[in-house]
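Shown below: data.cif, with mmCIF, C-alpha atoms and all ligand atoms.
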```cif
data_structure
#
loop_
_atom_site.label_atom_id
_atom_site.label_comp_id
_atom_site.auth_asym_id
_atom_site.auth_seq_id
_atom_site.Cartn_x
_atom_site.Cartn_y
_atom_site.Cartn_z
CA MET A 501 -16.28 4.53 13.71
CA THR A 502 -13.39 6.60 14.99
CA ARG A 503 -11.78 9.17 12.71
CA ARG A 504 -8.58 7.18 12.75
CA LYS A 505 -10.37 4.02 11.65
CA ASP A 506 -12.23 5.96 9.02
CA LYS A 507 -8.96 7.34 7.67
CA GLU A 508 -7.44 3.86 7.62
CA LEU A 509 -10.47 2.43 5.88
CA LEU A 510 -10.41 5.09 3.18
CA GLU A 511 -6.67 4.61 2.64
CA LEU A 512 -7.20 0.89 2.32
CA ALA A 513 -10.05 1.48 -0.12
CA MET A 514 -7.83 3.76 -2.17
CA ASP A 515 -5.17 1.04 -2.36
CA MET A 516 -7.64 -1.66 -3.28
CA GLY A 517 -9.88 0.11 -5.75
CA GLY A 518 -8.81 3.70 -6.16
CA GLU A 519 -11.05 6.76 -6.11
CA GLU A 520 -14.15 4.72 -6.99
CA ALA A 521 -13.77 2.42 -3.99
CA VAL A 522 -13.36 5.47 -1.76
CA GLU A 523 -16.58 7.00 -3.11
CA VAL A 524 -18.52 3.75 -2.64
CA ILE A 525 -17.32 3.42 0.95
CA LYS A 526 -18.20 7.02 1.75
CA ALA A 527 -21.71 6.42 0.42
CA LEU A 528 -21.99 3.17 2.39
CA GLU A 529 -20.95 5.01 5.54
CA LYS A 530 -23.72 7.55 5.06
CA LYS A 531 -26.52 5.22 4.05
CA LYS A 532 -25.98 2.20 6.31
CA GLU A 533 -28.17 -0.12 4.20
CA VAL A 534 -28.22 0.49 0.49
CA THR A 535 -28.58 -1.36 -2.82
CA ASP A 536 -25.94 -1.39 -5.52
CA GLU A 537 -28.20 0.66 -7.78
CA GLU A 538 -28.75 3.30 -5.14
CA LEU A 539 -25.01 3.43 -4.61
CA ALA A 540 -24.49 3.94 -8.32
CA GLU A 541 -26.94 6.83 -8.25
CA ILE A 542 -25.39 8.48 -5.21
CA THR A 543 -21.82 8.16 -6.41
CA GLU A 544 -22.52 8.58 -10.13
CA ILE A 545 -20.32 5.57 -10.74
CA ARG A 546 -21.48 2.87 -13.16
CA VAL A 547 -23.38 0.10 -11.41
CA ASN A 548 -21.00 -2.57 -12.75
CA THR A 549 -18.08 -0.76 -11.18
CA VAL A 550 -20.01 -0.31 -7.94
CA ARG A 551 -20.66 -4.07 -7.88
CA LYS A 552 -17.02 -4.80 -8.52
CA VAL A 553 -16.05 -2.63 -5.56
CA LEU A 554 -18.74 -4.23 -3.38
CA TYR A 555 -17.56 -7.76 -4.17
CA MET A 556 -14.01 -6.75 -3.50
CA LEU A 557 -15.04 -5.34 -0.10
CA TYR A 558 -17.09 -8.45 0.58
CA ASP A 559 -14.13 -10.61 -0.32
CA GLN A 560 -12.00 -8.75 2.21
CA GLY A 561 -14.69 -9.05 4.85
CA LEU A 562 -15.36 -5.31 4.80
CA ALA A 563 -18.90 -5.37 3.48
CA GLU A 564 -21.91 -7.63 3.87
CA PHE A 565 -25.32 -7.78 2.31
CA LYS A 566 -28.86 -8.83 3.10
CA ARG A 567 -31.00 -10.34 0.40
CA ILE A 568 -34.55 -9.04 0.57
CA ARG A 569 -37.41 -10.10 -1.67
CA ASP A 570 -39.76 -7.42 -2.90
CA LYS A 571 -43.25 -8.74 -2.23
CA GLU A 572 -44.82 -6.99 -5.22
CA THR A 573 -42.34 -7.73 -7.94
CA GLY A 574 -40.88 -10.90 -6.49
CA TRP A 575 -37.40 -9.61 -7.25
CA TYR A 576 -34.54 -9.85 -4.87
CA TYR A 577 -32.65 -6.81 -3.75
CA TYR A 578 -29.29 -6.79 -2.09
CA TYR A 579 -28.86 -4.32 0.71
CA TRP A 580 -25.24 -3.65 1.46
CA HIS A 581 -23.56 -2.35 4.59
CA LEU A 582 -20.04 -1.86 5.82
CA GLU A 583 -18.55 -4.37 8.19
CA ILE A 584 -15.41 -3.07 9.84
CA LYS A 585 -14.79 -5.68 12.52
CA ARG A 586 -11.93 -7.15 10.52
CA LEU A 587 -10.44 -3.79 9.59
CA PRO A 588 -7.57 -3.82 12.13
CA GLU A 589 -6.64 -7.36 11.11
CA ILE A 590 -6.63 -6.49 7.41
CA ILE A 591 -4.57 -3.37 7.96
CA ARG A 592 -2.09 -5.28 10.07
CA ALA A 593 -1.70 -7.95 7.40
CA LYS A 594 -1.17 -5.26 4.80
CA LYS A 595 1.48 -3.54 6.90
CA MET A 596 3.23 -6.86 7.56
CA ALA A 597 3.37 -7.51 3.81
CA GLU A 598 4.74 -4.03 3.23
CA LEU A 599 7.36 -4.54 5.92
CA LYS A 600 8.46 -7.79 4.31
CA LYS A 601 8.77 -6.08 0.94
CA LEU A 602 10.78 -3.19 2.39
CA LYS A 603 13.14 -5.61 4.12
CA GLU A 604 13.70 -7.45 0.87
CA MET A 605 14.41 -4.15 -0.86
CA LEU A 606 16.86 -3.22 1.89
CA GLU A 607 18.54 -6.61 1.61
CA GLU A 608 18.92 -6.11 -2.11
CA GLU A 609 20.33 -2.60 -1.70
CA THR A 610 22.83 -3.56 0.98
CA SER A 611 24.01 -6.97 -0.22
CA GLU A 612 25.49 -5.74 -3.47
CA ILE A 613 27.30 -2.74 -4.81
CA TYR A 614 25.67 -1.51 -7.97
CA TYR A 615 27.02 0.33 -10.98
CA TRP A 616 24.95 2.80 -12.87
CA CYS A 617 25.27 5.45 -15.60
CA GLY A 618 23.21 7.94 -13.62
CA THR A 619 20.24 8.11 -15.96
CA GLU A 620 16.87 7.35 -14.37
CA GLY A 621 15.38 4.12 -15.73
CA HIS A 622 18.71 2.70 -16.92
CA PRO A 623 19.74 -0.56 -15.23
CA LYS A 624 21.82 -0.81 -12.09
CA LEU A 625 24.33 -3.59 -12.58
CA THR A 626 26.25 -5.73 -10.16
CA PHE A 627 30.03 -5.68 -10.38
CA ASP A 628 30.11 -8.87 -12.47
CA GLU A 629 27.47 -7.56 -14.85
CA ALA A 630 29.23 -4.21 -15.13
CA MET A 631 32.45 -6.07 -15.95
CA GLU A 632 30.70 -7.87 -18.78
CA TYR A 633 29.69 -4.54 -20.26
CA GLU A 634 33.15 -3.11 -19.65
CA PHE A 635 31.58 -0.56 -17.33
CA GLN A 636 29.48 0.96 -20.06
CA CYS A 637 25.72 1.34 -19.75
CA PRO A 638 24.05 -1.26 -22.00
CA ILE A 639 21.46 1.33 -23.01
CA CYS A 640 23.28 4.62 -23.50
CA GLY A 641 26.93 3.56 -23.39
CA GLY A 642 27.60 6.03 -20.58
CA MET A 643 30.27 5.17 -18.06
CA LEU A 644 29.08 3.05 -15.17
CA MET A 645 29.93 4.45 -11.78
CA GLN A 646 29.45 2.99 -8.38
CA TYR A 647 25.89 3.81 -7.45
CA ASP A 648 25.65 5.64 -4.16
CA ASN A 649 22.55 4.20 -2.53
CA THR A 650 23.09 5.71 0.93
CA ALA A 651 19.98 7.86 0.62
CA VAL A 652 17.87 4.92 -0.58
CA VAL A 653 19.12 2.71 2.25
CA GLU A 654 18.44 5.42 4.84
CA GLU A 655 14.95 5.97 3.46
CA LEU A 656 14.21 2.23 3.57
CA LYS A 657 15.51 1.94 7.13
CA THR A 658 13.34 4.86 8.24
CA ARG A 659 10.25 3.36 6.63
CA ILE A 660 10.99 -0.06 8.15
CA GLU A 661 11.43 1.41 11.61
CA LYS A 662 8.23 3.43 11.32
CA LEU A 663 6.27 0.33 10.30
CA GLU A 664 7.83 -1.79 13.04
CA ILE A 665 6.77 0.79 15.60
CA GLU A 666 3.26 0.97 14.15
CA LEU A 667 3.03 -2.81 14.28
CA GLY A 668 4.25 -2.90 17.86
CA LEU A 669 7.32 -4.93 16.89
CA LYS A 670 9.55 -2.20 18.21
CA PRO A 671 9.04 0.19 21.11
CA LYS A 672 8.31 3.82 20.38
CA PRO A 673 11.47 5.90 20.67
CA ARG A 674 11.25 8.30 23.60
CA LYS A 675 12.09 11.83 22.60
CA SER A 676 14.40 12.49 25.51
CA SER A 677 16.61 9.45 24.96
CA ARG A 678 16.51 9.44 21.21
CA LYS A 679 19.65 8.09 19.67
CA SER A 680 21.46 10.55 17.50
CA LYS A 681 20.74 9.53 13.94
CA SER A 682 23.42 7.27 12.55
CA LYS A 683 25.41 10.17 11.17
CA GLY A 684 28.49 8.82 12.87
CA LYS A 685 28.47 5.69 10.74
CA ALA A 686 30.69 5.61 7.73
CA ALA A 687 28.59 6.38 4.71
CA ASN A 688 30.07 3.97 2.23
ZN ZN B 701 22.64 4.67 -19.40
#
```
Rewrite the coordinates I just gave you, this time as structure tokens.
Amino acid sequence: MTRRKDKELLELAMDMGGEEAVEVIKALEKKKEVTDEELAEITEIRVNTVRKVLYMLYDQGLAEFKRIRDKETGWYYYYWHLEIKRLPEIIRAKKMAELKKLKEMLEEETSEIYYWCGTEGHPKLTFDEAMEYEFQCPICGGMLMQYDNTAVVEELKTRIEKLEIELGLKPKPRKSSRKSKSKGKAAN
């Protein structure tokens, strides 16, 4: 596995199952074929949690197992290994979903002007809503002012562009002919 793929896999694991999923994957990478109980020992994570992570990986097509019967005890053991063939596909799907979400957020930020008291966590109201409250915050009673979302919009646009480039939906900007950032545009 390339370092890049490994990094992507671990990031994906972090998103899906947090620190524990990352530890399980690292152990799987080292051991190649390993039982859930061995994984629990190596990672010092409870075997139930290890199993949960393994099923989640299996569900995503990122892990597979072989069932092997122990001749002496007659018990079955499951030997797990990583399967990263589908990794690029999964990461692409995840990025596409993220892109869609960012575009919706951008749409929401740019389609309306919002009014806000300025306190983090207090609601941002549309003009009509703000009217209803006579331009007073429904929580603290502070005066509602037009919410300047220029920074938020810029941030969203940057993230969208970055994703679109990563996904190959947009060509990489060449450094020499890079457009001057939209500073010229009116900021309201
Ligand atoms: Zn408020």
Nearby residues, ligand ZN 701 (chain B), 8 Å, only C-alpha atoms and all ligand atoms, as a PyMOL selection string | chain A and resi 616-619+622-623+636-644
Between atom CA of A:Lys526 and atom CA of A:Asp570 - distance in Å to one decimal = 26.4 Å
Atom CA of A:Arg551 to atom CA of A:Val524, straight-line distance in Å =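 Those two atoms sit 9.7 Å apart.
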May I ask for the distance between atom CA of A:Glu544 and atom CA of A:Ala563, given in Å to one decimal place?
-> 19.8 Å
Using all atoms listed in the file, which residues sit within 9 Å of A:Tyr558 once same-chain residues fewer than 5 positions away are excluded, as a ChimeraX atom specification?
-> /A:553,563-565,582-583
Residue list as a ChimeraX atom specification for point (-15.6, -5.2, 10.8), cut-off 12 Å, only C-alpha atoms = /A:501,505-506,509,557-558,560-564,581-591
List as a Markdown table every residue of stretch 556-634 of chain A that is in contact with stretch 529-535 of chain A, defined as an atom at most 6 Å from one of its atoms (using all atoms listed in the file), together with the nearest atom pair and the distance in Å rounded to one decimal, sorted by chain and then rising number.
```
| residue | atom | partner | partner_atom | distance |
| --- | --- | --- | --- | --- |
| A:Tyr578 | CA | A:Thr535 | CA | 5.5 |
| A:Tyr579 | CA | A:Thr535 | CA | 4.6 |
| A:Trp580 | CA | A:Val534 | CA | 5.2 |
| A:His581 | CA | A:Glu533 | CA | 5.1 |
```
